[in-house]
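structure-v1.txt (compact mmCIF, C-alpha atoms)
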```txt
# COMPACT_ATOMS: atom_id res chain seq x y z
CA MET M 1 -5.97 -60.89 -29.22
CA LYS M 2 -5.53 -58.54 -26.23
CA TYR M 3 -2.85 -60.64 -24.53
CA LYS M 4 -1.17 -61.45 -27.84
CA ILE M 5 -0.62 -57.70 -28.29
CA ILE M 6 0.60 -57.28 -24.70
CA LYS M 7 3.22 -59.99 -25.29
CA GLU M 8 4.29 -58.13 -28.43
CA LYS M 9 4.55 -54.86 -26.48
CA ILE M 10 6.58 -56.41 -23.65
CA ALA M 11 9.02 -57.84 -26.21
CA GLN M 12 9.14 -54.44 -27.85
CA ALA M 13 9.79 -52.75 -24.49
CA ILE M 14 12.86 -54.95 -23.94
CA GLU M 15 14.29 -53.81 -27.27
CA ILE M 16 13.57 -50.17 -26.40
CA LEU M 17 15.42 -50.53 -23.09
CA LYS M 18 18.41 -51.94 -24.94
CA GLU M 19 18.27 -49.15 -27.52
CA LYS M 20 18.11 -46.42 -24.88
CA ASN M 21 20.52 -48.17 -22.50
CA ILE M 22 18.07 -48.18 -19.60
CA ASP M 23 18.68 -51.08 -17.25
CA LEU M 24 15.26 -51.49 -15.71
CA TRP M 25 11.73 -50.15 -16.11
CA LEU M 26 9.60 -50.17 -12.95
CA THR M 27 5.86 -49.47 -13.06
CA PHE M 28 4.71 -49.02 -9.46
CA VAL M 29 0.93 -48.99 -8.82
CA ARG M 30 -1.87 -49.93 -6.46
CA GLU M 31 -5.68 -50.21 -6.76
CA SER M 32 -5.23 -49.84 -10.50
CA SER M 33 -8.88 -50.32 -11.33
CA ASN M 34 -9.52 -47.02 -9.52
CA ILE M 35 -6.29 -45.12 -10.22
CA LYS M 36 -5.10 -46.49 -13.53
CA ASP M 37 -1.62 -46.02 -14.89
CA PRO M 38 -1.96 -45.75 -18.70
CA ALA M 39 0.94 -48.19 -19.14
CA MET M 40 -1.09 -50.99 -17.54
CA ASP M 41 -3.04 -51.52 -20.76
CA LEU M 42 0.20 -51.97 -22.67
CA ILE M 43 2.18 -54.28 -20.41
CA VAL M 44 -0.27 -55.87 -17.92
CA GLY M 45 -3.82 -55.94 -19.27
CA THR M 46 -5.48 -56.54 -15.91
CA SER M 47 -5.81 -54.71 -12.61
CA CYS M 48 -3.99 -55.15 -9.29
CA THR M 49 -5.03 -54.30 -5.75
CA TRP M 50 -2.13 -53.98 -3.30
CA HIS M 51 1.19 -52.27 -3.96
CA SER M 52 2.45 -53.85 -7.20
CA ALA M 53 5.65 -53.59 -9.22
CA PHE M 54 5.90 -54.58 -12.87
CA ILE M 55 9.55 -54.80 -13.87
CA ILE M 56 11.07 -55.20 -17.33
CA THR M 57 14.85 -55.34 -17.74
CA LYS M 58 17.02 -54.71 -20.76
CA ASN M 59 18.41 -58.26 -20.54
CA GLY M 60 14.91 -59.60 -21.17
CA ASP M 61 13.75 -60.58 -17.69
CA THR M 62 10.20 -59.69 -16.69
CA ILE M 63 9.12 -59.76 -13.05
CA ALA M 64 5.79 -58.92 -11.44
CA ILE M 65 5.60 -58.45 -7.66
CA LEU M 66 2.07 -58.15 -6.35
CA GLY M 67 -0.31 -59.11 -3.58
CA SER M 68 -0.78 -62.84 -3.15
CA LEU M 69 -4.47 -62.66 -4.03
CA ASP M 70 -3.63 -61.22 -7.46
CA VAL M 71 -0.98 -63.81 -8.38
CA ALA M 72 -3.21 -66.48 -9.91
CA ASN M 73 -4.98 -63.95 -12.12
CA LEU M 74 -1.76 -62.57 -13.61
CA GLU M 75 -0.11 -66.00 -13.93
CA SER M 76 -3.02 -67.22 -16.04
CA PHE M 77 -2.04 -64.83 -18.84
CA LYS M 78 1.59 -66.04 -18.97
CA LEU M 79 3.00 -62.55 -19.57
CA TYR M 80 5.83 -62.38 -17.02
CA ASN M 81 8.72 -64.80 -16.54
CA GLN M 82 8.42 -64.51 -12.78
CA VAL M 83 5.35 -63.63 -10.69
CA ILE M 84 6.09 -63.07 -7.00
CA GLY M 85 3.33 -62.81 -4.43
CA TYR M 86 3.54 -61.26 -0.97
CA VAL M 87 1.24 -60.95 2.04
CA LYS M 88 2.58 -58.35 4.47
CA SER M 89 4.70 -55.99 2.39
CA ILE M 90 6.13 -55.64 -1.11
CA LYS M 91 9.30 -54.06 0.28
CA ASP M 92 11.52 -57.13 0.76
CA ASN M 93 10.74 -58.65 -2.64
CA LEU M 94 11.22 -55.32 -4.37
CA LEU M 95 14.59 -54.76 -2.68
CA GLN M 96 15.76 -58.28 -3.49
CA THR M 97 14.87 -57.83 -7.14
CA LEU M 98 16.59 -54.46 -7.46
CA ASN M 99 19.66 -55.76 -5.66
CA LYS M 100 19.82 -58.69 -8.05
CA TYR M 101 20.04 -56.44 -11.11
CA LYS M 102 21.91 -53.48 -9.56
CA PRO M 103 20.54 -51.07 -12.18
CA GLU M 104 22.32 -47.81 -12.94
CA LYS M 105 19.16 -46.40 -14.52
CA ILE M 106 15.68 -47.15 -13.15
CA ALA M 107 12.86 -45.71 -15.24
CA ILE M 108 9.76 -45.12 -13.12
CA ASN M 109 6.27 -44.10 -14.13
CA TYR M 110 6.32 -40.31 -13.88
CA SER M 111 6.63 -37.55 -16.48
CA ARG M 112 6.33 -33.78 -16.63
CA ASN M 113 5.58 -33.79 -20.36
CA SER M 114 3.57 -36.90 -21.22
CA TYR M 115 0.37 -37.72 -19.35
CA MET M 116 0.58 -41.24 -20.76
CA ALA M 117 3.80 -41.77 -18.76
CA ASP M 118 2.67 -40.02 -15.58
CA GLY M 119 0.77 -42.74 -13.73
CA LEU M 120 2.78 -42.68 -10.48
CA THR M 121 0.82 -40.77 -7.85
CA TYR M 122 2.70 -38.54 -5.44
CA GLY M 123 1.65 -40.80 -2.57
CA MET M 124 3.07 -43.85 -4.28
CA TYR M 125 6.26 -41.97 -5.08
CA LEU M 126 6.69 -41.22 -1.36
CA GLU M 127 6.00 -44.89 -0.59
CA LEU M 128 8.68 -45.95 -3.05
CA LEU M 129 11.20 -43.52 -1.59
CA ASP M 130 10.47 -44.80 1.91
CA MET M 131 10.93 -48.43 0.90
CA LEU M 132 14.28 -47.67 -0.75
CA LYS M 133 15.58 -45.05 1.70
CA THR M 134 18.46 -47.24 2.93
CA THR M 135 19.74 -47.72 -0.65
CA ASP M 136 21.05 -45.48 -3.40
CA PHE M 137 18.36 -46.64 -5.86
CA PRO M 138 16.39 -43.36 -5.71
CA SER M 139 19.43 -41.60 -7.16
CA LYS M 140 19.09 -43.88 -10.20
CA PHE M 141 15.50 -42.83 -10.96
CA ILE M 142 14.67 -41.37 -14.36
CA SER M 143 11.34 -40.78 -16.07
CA SER M 144 9.89 -43.63 -18.12
CA GLU M 145 8.65 -41.05 -20.62
CA GLU M 146 11.09 -42.07 -23.35
CA ILE M 147 10.14 -45.73 -23.02
CA ILE M 148 6.40 -45.06 -22.99
CA SER M 149 6.58 -42.66 -25.90
CA ALA M 150 8.43 -45.21 -28.03
CA LEU M 151 6.29 -48.14 -26.91
CA ARG M 152 2.95 -46.43 -27.50
CA GLY M 153 4.14 -44.84 -30.72
CA ARG M 154 5.77 -47.75 -32.51
CA LYS M 155 2.77 -49.76 -33.60
CA THR M 156 3.10 -53.47 -34.30
CA GLN M 157 1.46 -54.89 -37.39
CA THR M 158 -1.27 -56.36 -35.20
CA GLU M 159 -2.03 -52.91 -33.80
CA ILE M 160 -2.03 -51.32 -37.25
CA SER M 161 -4.50 -53.91 -38.54
CA LEU M 162 -6.92 -53.19 -35.69
CA MET M 163 -6.62 -49.46 -36.27
CA GLN M 164 -7.34 -49.88 -39.96
CA GLU M 165 -10.50 -51.77 -39.09
CA ALA M 166 -11.56 -49.01 -36.68
CA ILE M 167 -11.04 -46.44 -39.45
CA LYS M 168 -13.00 -48.53 -41.95
CA ARG M 169 -15.97 -48.79 -39.60
CA THR M 170 -15.85 -45.08 -38.81
CA LEU M 171 -16.00 -44.15 -42.49
CA ILE M 172 -18.98 -46.47 -43.03
CA ILE M 173 -20.81 -44.67 -40.22
CA PHE M 174 -19.92 -41.29 -41.77
CA ASN M 175 -21.42 -42.45 -45.08
CA LYS M 176 -24.67 -43.45 -43.39
CA THR M 177 -24.72 -40.14 -41.54
CA THR M 178 -24.60 -38.27 -44.85
CA GLU M 179 -27.95 -39.84 -45.74
CA PHE M 180 -29.39 -38.79 -42.35
CA ILE M 181 -28.35 -35.12 -42.38
CA LYS M 182 -31.17 -32.81 -43.45
CA PRO M 183 -32.10 -29.18 -42.81
CA GLY M 184 -34.02 -29.02 -39.53
CA LYS M 185 -32.07 -31.84 -37.86
CA THR M 186 -30.32 -30.74 -34.68
CA GLU M 187 -26.71 -31.38 -33.75
CA LYS M 188 -27.97 -33.65 -30.97
CA GLU M 189 -30.17 -35.63 -33.34
CA ILE M 190 -27.23 -36.24 -35.66
CA ALA M 191 -25.03 -37.26 -32.74
CA ASP M 192 -27.70 -39.63 -31.42
CA PHE M 193 -28.04 -41.21 -34.86
CA ILE M 194 -24.29 -41.85 -34.96
CA LYS M 195 -24.33 -43.32 -31.45
CA SER M 196 -27.16 -45.66 -32.47
CA LEU M 197 -25.01 -46.98 -35.33
CA VAL M 198 -22.08 -47.47 -32.95
CA LYS M 199 -24.32 -49.51 -30.66
CA GLN M 200 -25.69 -51.58 -33.56
CA GLU M 201 -22.16 -52.46 -34.62
CA ASN M 202 -21.14 -53.42 -31.05
CA LEU M 203 -18.41 -50.79 -31.05
CA ASP M 204 -17.33 -48.34 -28.37
CA LEU M 205 -16.81 -44.62 -28.68
CA ALA M 206 -13.20 -43.45 -28.91
CA TRP M 207 -13.59 -40.75 -26.23
CA ASP M 208 -16.16 -39.27 -23.82
CA GLU M 209 -19.76 -39.66 -24.96
CA GLN M 210 -20.48 -36.01 -24.12
CA HIS M 211 -18.56 -34.93 -27.23
CA CYS M 212 -18.08 -38.10 -29.26
CA PRO M 213 -19.30 -37.36 -31.77
CA ALA M 214 -18.84 -33.60 -31.75
CA VAL M 215 -21.24 -32.03 -34.26
CA PHE M 216 -21.08 -28.39 -35.36
CA THR M 217 -23.42 -26.74 -37.84
CA GLY M 218 -23.19 -23.20 -39.17
CA PRO M 219 -21.27 -20.13 -38.02
CA ASN M 220 -20.30 -19.19 -34.45
CA THR M 221 -20.34 -22.72 -33.06
CA ALA M 222 -18.78 -23.83 -29.78
CA GLY M 223 -15.14 -24.89 -29.42
CA ALA M 224 -13.70 -28.06 -30.91
CA HIS M 225 -14.25 -30.24 -27.81
CA ALA M 226 -17.81 -29.12 -27.06
CA GLY M 227 -20.80 -31.43 -27.21
CA PRO M 228 -23.68 -31.24 -29.70
CA THR M 229 -26.50 -28.74 -29.05
CA GLU M 230 -30.09 -28.11 -30.14
CA ARG M 231 -28.86 -25.90 -32.98
CA LYS M 232 -30.56 -26.91 -36.22
CA VAL M 233 -28.96 -27.58 -39.58
CA GLU M 234 -29.85 -24.85 -42.05
CA LYS M 235 -29.32 -24.34 -45.75
CA GLY M 236 -26.03 -22.56 -46.29
CA HIS M 237 -24.38 -24.21 -43.27
CA LEU M 238 -21.04 -25.94 -43.17
CA ILE M 239 -21.28 -29.01 -40.92
CA ASN M 240 -18.29 -30.56 -39.21
CA ILE M 241 -18.32 -33.86 -37.29
CA ASP M 242 -15.41 -35.11 -35.14
CA PHE M 243 -15.89 -38.80 -34.38
CA GLY M 244 -14.10 -42.06 -33.69
CA VAL M 245 -14.74 -45.58 -32.49
CA SER M 246 -12.81 -48.05 -30.39
CA TYR M 247 -12.46 -51.48 -32.01
CA GLU M 248 -10.80 -54.29 -30.03
CA GLY M 249 -9.20 -51.64 -27.83
CA TYR M 250 -7.84 -49.43 -30.66
CA CYS M 251 -9.24 -46.06 -31.67
CA SER M 252 -10.02 -44.05 -34.76
CA ASP M 253 -10.33 -40.25 -34.83
CA LEU M 254 -11.59 -38.64 -38.02
CA GLN M 255 -13.40 -35.48 -39.10
CA ARG M 256 -15.45 -34.76 -42.19
CA THR M 257 -17.10 -31.59 -43.49
CA TRP M 258 -20.43 -31.19 -45.30
CA TYR M 259 -22.15 -28.23 -46.95
CA VAL M 260 -25.94 -27.83 -47.09
CA LEU M 261 -26.90 -26.35 -50.44
CA LYS M 262 -29.24 -23.39 -50.49
CA ASP M 263 -32.27 -23.34 -52.78
CA GLY M 264 -31.08 -22.84 -56.33
CA GLU M 265 -27.48 -23.83 -55.55
CA ASP M 266 -25.83 -26.70 -57.39
CA TYR M 267 -22.38 -25.92 -56.02
CA PRO M 268 -21.07 -24.39 -52.83
CA PRO M 269 -20.17 -20.69 -52.84
CA GLU M 270 -16.64 -19.79 -53.88
CA GLU M 271 -15.57 -18.80 -50.35
CA VAL M 272 -16.75 -22.13 -48.97
CA LEU M 273 -14.85 -24.08 -51.61
CA LYS M 274 -11.75 -21.96 -51.00
CA GLY M 275 -11.85 -22.74 -47.26
CA PHE M 276 -12.31 -26.46 -47.83
CA ASN M 277 -9.61 -26.66 -50.50
CA THR M 278 -7.19 -24.73 -48.30
CA ILE M 279 -7.62 -27.35 -45.57
CA LYS M 280 -7.26 -30.20 -48.06
CA GLU M 281 -4.05 -28.75 -49.48
CA ALA M 282 -2.62 -28.01 -46.01
CA ILE M 283 -3.05 -31.70 -45.14
CA LYS M 284 -1.35 -32.85 -48.34
CA LEU M 285 1.59 -30.47 -47.91
CA SER M 286 2.23 -31.46 -44.30
CA ALA M 287 1.78 -35.18 -45.00
CA LYS M 288 4.35 -34.96 -47.79
CA GLU M 289 7.02 -33.91 -45.25
CA LEU M 290 5.94 -36.20 -42.40
CA LYS M 291 8.75 -38.75 -42.17
CA PRO M 292 11.12 -40.30 -39.61
CA GLY M 293 13.54 -37.85 -38.05
CA LYS M 294 11.42 -34.74 -38.61
CA LEU M 295 10.29 -32.80 -35.55
CA GLY M 296 6.61 -32.29 -34.82
CA TYR M 297 6.73 -28.49 -34.93
CA GLU M 298 8.25 -28.60 -38.42
CA ILE M 299 5.22 -30.44 -39.79
CA ASP M 300 2.75 -28.22 -37.92
CA GLN M 301 4.45 -25.12 -39.33
CA ILE M 302 3.87 -26.25 -42.92
CA ALA M 303 0.09 -26.47 -42.55
CA ARG M 304 -0.16 -23.46 -40.23
CA GLN M 305 1.78 -21.16 -42.57
CA TYR M 306 -0.16 -22.31 -45.64
CA ILE M 307 -3.47 -21.50 -43.97
CA VAL M 308 -2.27 -18.09 -42.77
CA ASN M 309 -0.84 -17.28 -46.20
CA ASN M 310 -4.28 -17.92 -47.66
CA GLY M 311 -5.81 -15.25 -45.47
CA TYR M 312 -7.13 -17.25 -42.51
CA ALA M 313 -6.34 -17.09 -38.80
CA GLU M 314 -4.07 -19.83 -37.49
CA TYR M 315 -5.84 -22.74 -35.82
CA PRO M 316 -5.63 -22.67 -31.98
CA HIS M 317 -4.35 -26.22 -31.46
CA ALA M 318 -1.81 -28.77 -32.67
CA LEU M 319 -1.95 -30.01 -36.25
CA GLY M 320 -2.09 -33.60 -35.09
CA HIS M 321 -1.56 -36.12 -32.32
CA GLN M 322 -0.63 -39.76 -32.05
CA ILE M 323 -3.45 -42.26 -31.81
CA GLY M 324 -3.64 -45.90 -30.75
CA LYS M 325 -5.22 -47.43 -27.66
CA ALA M 326 -6.42 -43.91 -26.83
CA ALA M 327 -7.57 -41.22 -29.24
CA HIS M 328 -4.87 -38.96 -27.79
CA ASP M 329 -2.15 -41.52 -27.30
CA GLY M 330 0.62 -39.37 -25.86
CA GLY M 331 4.18 -39.01 -27.09
CA GLY M 332 5.29 -36.47 -29.68
CA LEU M 333 2.87 -34.03 -31.26
CA LEU M 334 2.63 -32.23 -34.58
CA ALA M 335 2.40 -29.00 -32.63
CA PRO M 336 3.71 -25.43 -32.54
CA LYS M 337 6.40 -24.36 -30.09
CA TRP M 338 3.92 -23.15 -27.47
CA ASP M 339 4.57 -23.43 -23.72
CA ARG M 340 1.49 -25.56 -23.22
CA TYR M 341 3.03 -28.38 -25.30
CA GLY M 342 6.33 -28.55 -23.38
CA ASN M 343 8.91 -30.68 -25.19
CA LEU M 344 6.37 -32.63 -27.26
CA PRO M 345 6.81 -30.63 -30.52
CA PHE M 346 10.56 -31.38 -30.40
CA ILE M 347 10.33 -35.19 -30.24
CA PRO M 348 11.54 -36.80 -33.50
CA ILE M 349 8.94 -38.60 -35.57
CA GLU M 350 9.49 -42.36 -35.82
CA LYS M 351 8.55 -45.16 -38.17
CA ASN M 352 5.26 -46.96 -37.41
CA GLN M 353 3.77 -44.08 -35.45
CA VAL M 354 0.21 -43.15 -36.38
CA TYR M 355 -0.75 -39.46 -36.39
CA THR M 356 -3.87 -37.50 -37.09
CA ILE M 357 -3.62 -34.43 -39.33
CA GLU M 358 -6.43 -31.99 -38.52
CA PRO M 359 -6.10 -28.32 -39.41
CA ARG M 360 -9.19 -26.12 -39.31
CA LEU M 361 -10.32 -22.67 -40.38
CA ASN M 362 -13.40 -20.51 -40.13
CA VAL M 363 -15.36 -19.60 -43.26
CA GLU M 364 -17.13 -16.43 -42.22
CA ASN M 365 -20.94 -16.69 -42.19
CA TYR M 366 -20.85 -20.40 -43.04
CA GLY M 367 -19.01 -22.31 -40.32
CA ILE M 368 -15.88 -24.39 -39.77
CA ALA M 369 -14.05 -26.22 -42.53
CA THR M 370 -11.87 -29.04 -41.29
CA ILE M 371 -10.78 -32.54 -42.19
CA GLU M 372 -9.02 -35.05 -39.97
CA GLU M 373 -7.11 -37.94 -41.49
CA GLU M 374 -4.89 -40.66 -40.02
CA VAL M 375 -1.44 -41.42 -41.42
CA LEU M 376 1.13 -44.13 -40.73
CA VAL M 377 4.80 -43.11 -40.73
CA ALA M 378 6.81 -45.32 -43.08
CA ASP M 379 10.53 -45.50 -43.96
CA ASN M 380 10.71 -42.37 -46.09
CA GLY M 381 7.36 -40.71 -45.62
CA CYS M 382 3.84 -41.53 -44.53
CA LYS M 383 0.80 -43.23 -46.00
CA PHE M 384 -2.85 -42.46 -45.38
CA LEU M 385 -4.71 -45.08 -43.36
CA SER M 386 -7.99 -43.25 -43.91
CA GLU M 387 -9.26 -42.57 -47.41
CA PRO M 388 -8.79 -38.79 -47.65
CA GLN M 389 -11.80 -36.53 -48.10
CA GLU M 390 -11.18 -34.99 -51.51
CA GLU M 391 -14.52 -33.27 -52.06
CA LEU M 392 -16.87 -31.28 -49.88
CA ILE M 393 -19.85 -33.56 -49.11
CA LEU M 394 -23.04 -31.86 -50.35
CA ILE M 395 -26.44 -32.10 -48.70
CA LYS M 396 -29.41 -31.26 -50.90
CA GLU M 397 -32.94 -31.38 -49.59
```
Could you render the structure as structure tokens?
Amino acid sequence: MKYKIIKEKIAQAIEILKEKNIDLWLTFVRESSNIKDPAMDLIVGTSCTWHSAFIITKNGDTIAILGSLDVANLESFKLYNQVIGYVKSIKDNLLQTLNKYKPEKIAINYSRNSYMADGLTYGMYLELLDMLKTTDFPSKFISSEEIISALRGRKTQTEISLMQEAIKRTLIIFNKTTEFIKPGKTEKEIADFIKSLVKQENLDLAWDEQHCPAVFTGPNTAGAHAGPTERKVEKGHLINIDFGVSYEGYCSDLQRTWYVLKDGEDYPPEEVLKGFNTIKEAIKLSAKELKPGKLGYEIDQIARQYIVNNGYAEYPHALGHQIGKAAHDGGGLLAPKWDRYGNLPFIPIEKNQVYTIEPRLNVENYGIATIEEEVLVADNGCKFLSEPQEELILIKE
């Protein structure tokens, strides 16, 4: 399955190069098991040791130049039309290849905006400049950001199917967690229970174990990316869990919110329901406008303004991010026009991208209300990949 998807992504990359009129895409790496370029998972699927160049051209040629000891490994996967090995230096083979194609645009693996396209270390950049110093190729360099953003974002049907399975398994674990949550349980105990289910199902966590899952109970909890603590669940608490799994190399990222009923309560207090319903409506309103051609900040603004208009402070993060092989998969964001997000809120939304939608707000004296769903961008809108949380999940002792 892994190499089937890589073949799909290489074919997709060729079409993206044609679309964007970029002659050649060069991913230049070394010791990739230690310093890993994020693109390697998409177009190579294995590691390399010495200086290595993975080249895809808009005319459909694919060339890998790498140390001789790595050749047999890469050839066994039948991903590249031509695999060239060297012993002493990559320089001659790299120059011969570039001279053959005479590219006017050479996309290389650096980016100021997208960390998923910024795998070229400064040392390797200097190496590349030195190897090509007698040519005019360095003047042809552009960032591979546009290619990476499109390639990571435009999910194939195979990728979508794997992501749907990851979502399905995540929701099953959430359902089992509902039965486990009780007053007196700590955030850490709930997180450990979830991790035990992940292990039983032979899944991986979607991000760092220190805060996957992130569990927050009650008011005045830590920030959104903090790990679970010894704080105990109490009656009258809102509980929020941020959690995802990795299934066959593809991630889910979902959040659900619970309320622990107090003695004598059959329903949550009005202010708790208002907070939850405000989040639910903000997701629906923004999802309704999420379609190809829209800009990320436009979608964020819909949810952000709705929450503020209902009397809550604006959330201190983006409304949503792309997801795929990583929980935060790079490319455009559903984000406000803040300096920290660079150009990412201005990148047009495209068909077959998968985004999270995850606004949040504080319900004073109770805790955080938030929901995180995943949506797939379609021709004229988006569809939910996760079954949306429509009701506040109630815990009664």
Students should find that atom CA of M:Asn202 and atom CA of M:Gly45 are spaced 21.1 Å
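Comparing the minimum interatomic distances between M:Ala226 and each of M:Lys100, M:Lys155, M:His211, M:His51, counting all atoms listed in the file, we find that M:His211 sits nearest.
Atom CA of M:Thr134 is positioned 20.5 Å from atom CA of M:Ile55.
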Here is a test: counting only C-alpha atoms, which residue of M:Gly320, M:Gly293, M:Gly330, M:Gly367 is nearest to M:Gly381?
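Among M:Gly320, M:Gly293, M:Gly330, M:Gly367, it is M:Gly293 that comes nearest to M:Gly381.
You can rank M:Gly331, M:Gly249, M:Pro268, M:Gly119 by their closest distance to M:Thr158 using all atoms listed in the file, and at the top of that list sits M:Gly249.
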Show which residues sit within 9 Å of M:Lys195, as an MDAnalysis selection string. Count only C-alpha atoms, and ignore same-chain residues fewer than 4 positions away.
chainID M and resid 190:191 199:200 205 209 212:213
Interatomic distance (Å, one decimal) between atom CA of M:Gln157 and atom CA of M:Asn175
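Interatomic distance here is 27.2 Å.
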So, with all atoms listed in the file as the atoms that count, which of M:Pro228, M:Pro183, M:Pro269, M:Pro359 lies closest to M:Ala282?
M:Pro359
Against stretch 138-147 of chain M, which residues of stretch 38-78 of chain M fall within 12 Å? For each one I want the closest pair of atoms and the distance in Å (one decimal), counting all atoms listed in the file, rows by chain and increasing residue number, as a Markdown table.
```
| residue | atom | partner | partner_atom | distance |
| --- | --- | --- | --- | --- |
| M:Pro38 | CA | M:Glu145 | CA | 11.8 |
| M:Ala39 | CA | M:Ser144 | CA | 10.1 |
| M:Leu42 | CA | M:Ile147 | CA | 11.7 |
| M:Ile43 | CA | M:Ile147 | CA | 12.0 |
| M:Ile55 | CA | M:Ser144 | CA | 12.0 |
| M:Ile56 | CA | M:Ile147 | CA | 11.1 |
| M:Thr57 | CA | M:Ile147 | CA | 11.9 |
| M:Lys58 | CA | M:Ile147 | CA | 11.5 |
```
What does the file look like for those residues with C-alpha atoms, as a PDB file, in the frame of the given file?
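File again_33.pdb, as written:
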```pdb
ATOM      1  CA  PRO M  38      -1.960 -45.750 -18.700  1.00  0.00           C
ATOM      2  CA  ALA M  39       0.940 -48.190 -19.140  1.00  0.00           C
ATOM      3  CA  LEU M  42       0.200 -51.970 -22.670  1.00  0.00           C
ATOM      4  CA  ILE M  43       2.180 -54.280 -20.410  1.00  0.00           C
ATOM      5  CA  ILE M  55       9.550 -54.800 -13.870  1.00  0.00           C
ATOM      6  CA  ILE M  56      11.070 -55.200 -17.330  1.00  0.00           C
ATOM      7  CA  THR M  57      14.850 -55.340 -17.740  1.00  0.00           C
ATOM      8  CA  LYS M  58      17.020 -54.710 -20.760  1.00  0.00           C
TER       9      LYS M  58
END
```
Neighbours of M:Asn343 within 12 Å (only C-alpha atoms; same-chain residues fewer than 2 positions away dropped), as a list in words?
Ser111, Arg112, Asn113, Ser114, Glu145, Glu146, Leu295, Gly296, Tyr297, Gly331, Gly332, Leu333, Leu334, Ala335, Pro336, Lys337, Trp338, Asp339, Arg340, Tyr341, Pro345, Phe346, Ile347 and Pro348 of chain M
Residues from the last selection, C-alpha atoms, saved as a PDB file, in the frame of the given file:
```
ATOM      1  CA  SER M 111       6.630 -37.550 -16.480  1.00  0.00           C
ATOM      2  CA  ARG M 112       6.330 -33.780 -16.630  1.00  0.00           C
ATOM      3  CA  ASN M 113       5.580 -33.790 -20.360  1.00  0.00           C
ATOM      4  CA  SER M 114       3.570 -36.900 -21.220  1.00  0.00           C
ATOM      5  CA  GLU M 145       8.650 -41.050 -20.620  1.00  0.00           C
ATOM      6  CA  GLU M 146      11.090 -42.070 -23.350  1.00  0.00           C
ATOM      7  CA  LEU M 295      10.290 -32.800 -35.550  1.00  0.00           C
ATOM      8  CA  GLY M 296       6.610 -32.290 -34.820  1.00  0.00           C
ATOM      9  CA  TYR M 297       6.730 -28.490 -34.930  1.00  0.00           C
ATOM     10  CA  GLY M 331       4.180 -39.010 -27.090  1.00  0.00           C
ATOM     11  CA  GLY M 332       5.290 -36.470 -29.680  1.00  0.00           C
ATOM     12  CA  LEU M 333       2.870 -34.030 -31.260  1.00  0.00           C
ATOM     13  CA  LEU M 334       2.630 -32.230 -34.580  1.00  0.00           C
ATOM     14  CA  ALA M 335       2.400 -29.000 -32.630  1.00  0.00           C
ATOM     15  CA  PRO M 336       3.710 -25.430 -32.540  1.00  0.00           C
ATOM     16  CA  LYS M 337       6.400 -24.360 -30.090  1.00  0.00           C
ATOM     17  CA  TRP M 338       3.920 -23.150 -27.470  1.00  0.00           C
ATOM     18  CA  ASP M 339       4.570 -23.430 -23.720  1.00  0.00           C
ATOM     19  CA  ARG M 340       1.490 -25.560 -23.220  1.00  0.00           C
ATOM     20  CA  TYR M 341       3.030 -28.380 -25.300  1.00  0.00           C
ATOM     21  CA  PRO M 345       6.810 -30.630 -30.520  1.00  0.00           C
ATOM     22  CA  PHE M 346      10.560 -31.380 -30.400  1.00  0.00           C
ATOM     23  CA  ILE M 347      10.330 -35.190 -30.240  1.00  0.00           C
ATOM     24  CA  PRO M 348      11.540 -36.800 -33.500  1.00  0.00           C
TER      25      PRO M 348
END
```
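With distances taken over all atoms listed in the file, M:Lys325 is the one residue among M:Lys325, M:Lys36, M:Lys188, M:His225 lying closest to M:Ala206.
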How would you write as a VMD selection string the residues that get within 7 Å of (-19.8, -28.1, -37.1) in the file's frame, counting only C-alpha atoms?
chain M and resid 215 to 218 221 238 to 241 367 to 368
Fewer than 3 positions away in the same chain doesn't count, so skip those; otherwise give me all residues within 10 Å of M:Ile181, counting all atoms listed in the file, as a short mmCIF file (atom, residue, chain, number, x, y, z; two decimals) with C-alpha atoms, keeping the file's coordinate frame.
```
data_model
loop_
_atom_site.label_atom_id
_atom_site.label_comp_id
_atom_site.auth_asym_id
_atom_site.auth_seq_id
_atom_site.Cartn_x
_atom_site.Cartn_y
_atom_site.Cartn_z
CA LYS M 176 -24.67 -43.45 -43.39
CA THR M 177 -24.72 -40.14 -41.54
CA THR M 178 -24.60 -38.27 -44.85
CA GLY M 184 -34.02 -29.02 -39.53
CA LYS M 185 -32.07 -31.84 -37.86
CA THR M 186 -30.32 -30.74 -34.68
CA GLU M 187 -26.71 -31.38 -33.75
CA GLU M 189 -30.17 -35.63 -33.34
CA ILE M 190 -27.23 -36.24 -35.66
CA PHE M 193 -28.04 -41.21 -34.86
CA VAL M 233 -28.96 -27.58 -39.58
CA ILE M 239 -21.28 -29.01 -40.92
CA TRP M 258 -20.43 -31.19 -45.30
CA VAL M 260 -25.94 -27.83 -47.09
CA ILE M 395 -26.44 -32.10 -48.70
CA LYS M 396 -29.41 -31.26 -50.90
CA GLU M 397 -32.94 -31.38 -49.59
#
```
Would you list the contacts of M:Thr156 as an MDAnalysis selection string, taking every protein, DNA or RNA residue within 8 Å and counting only C-alpha atoms, but skipping same-chain residues closer than 3 positions in sequence?
chainID M and resid 8 159:160 352
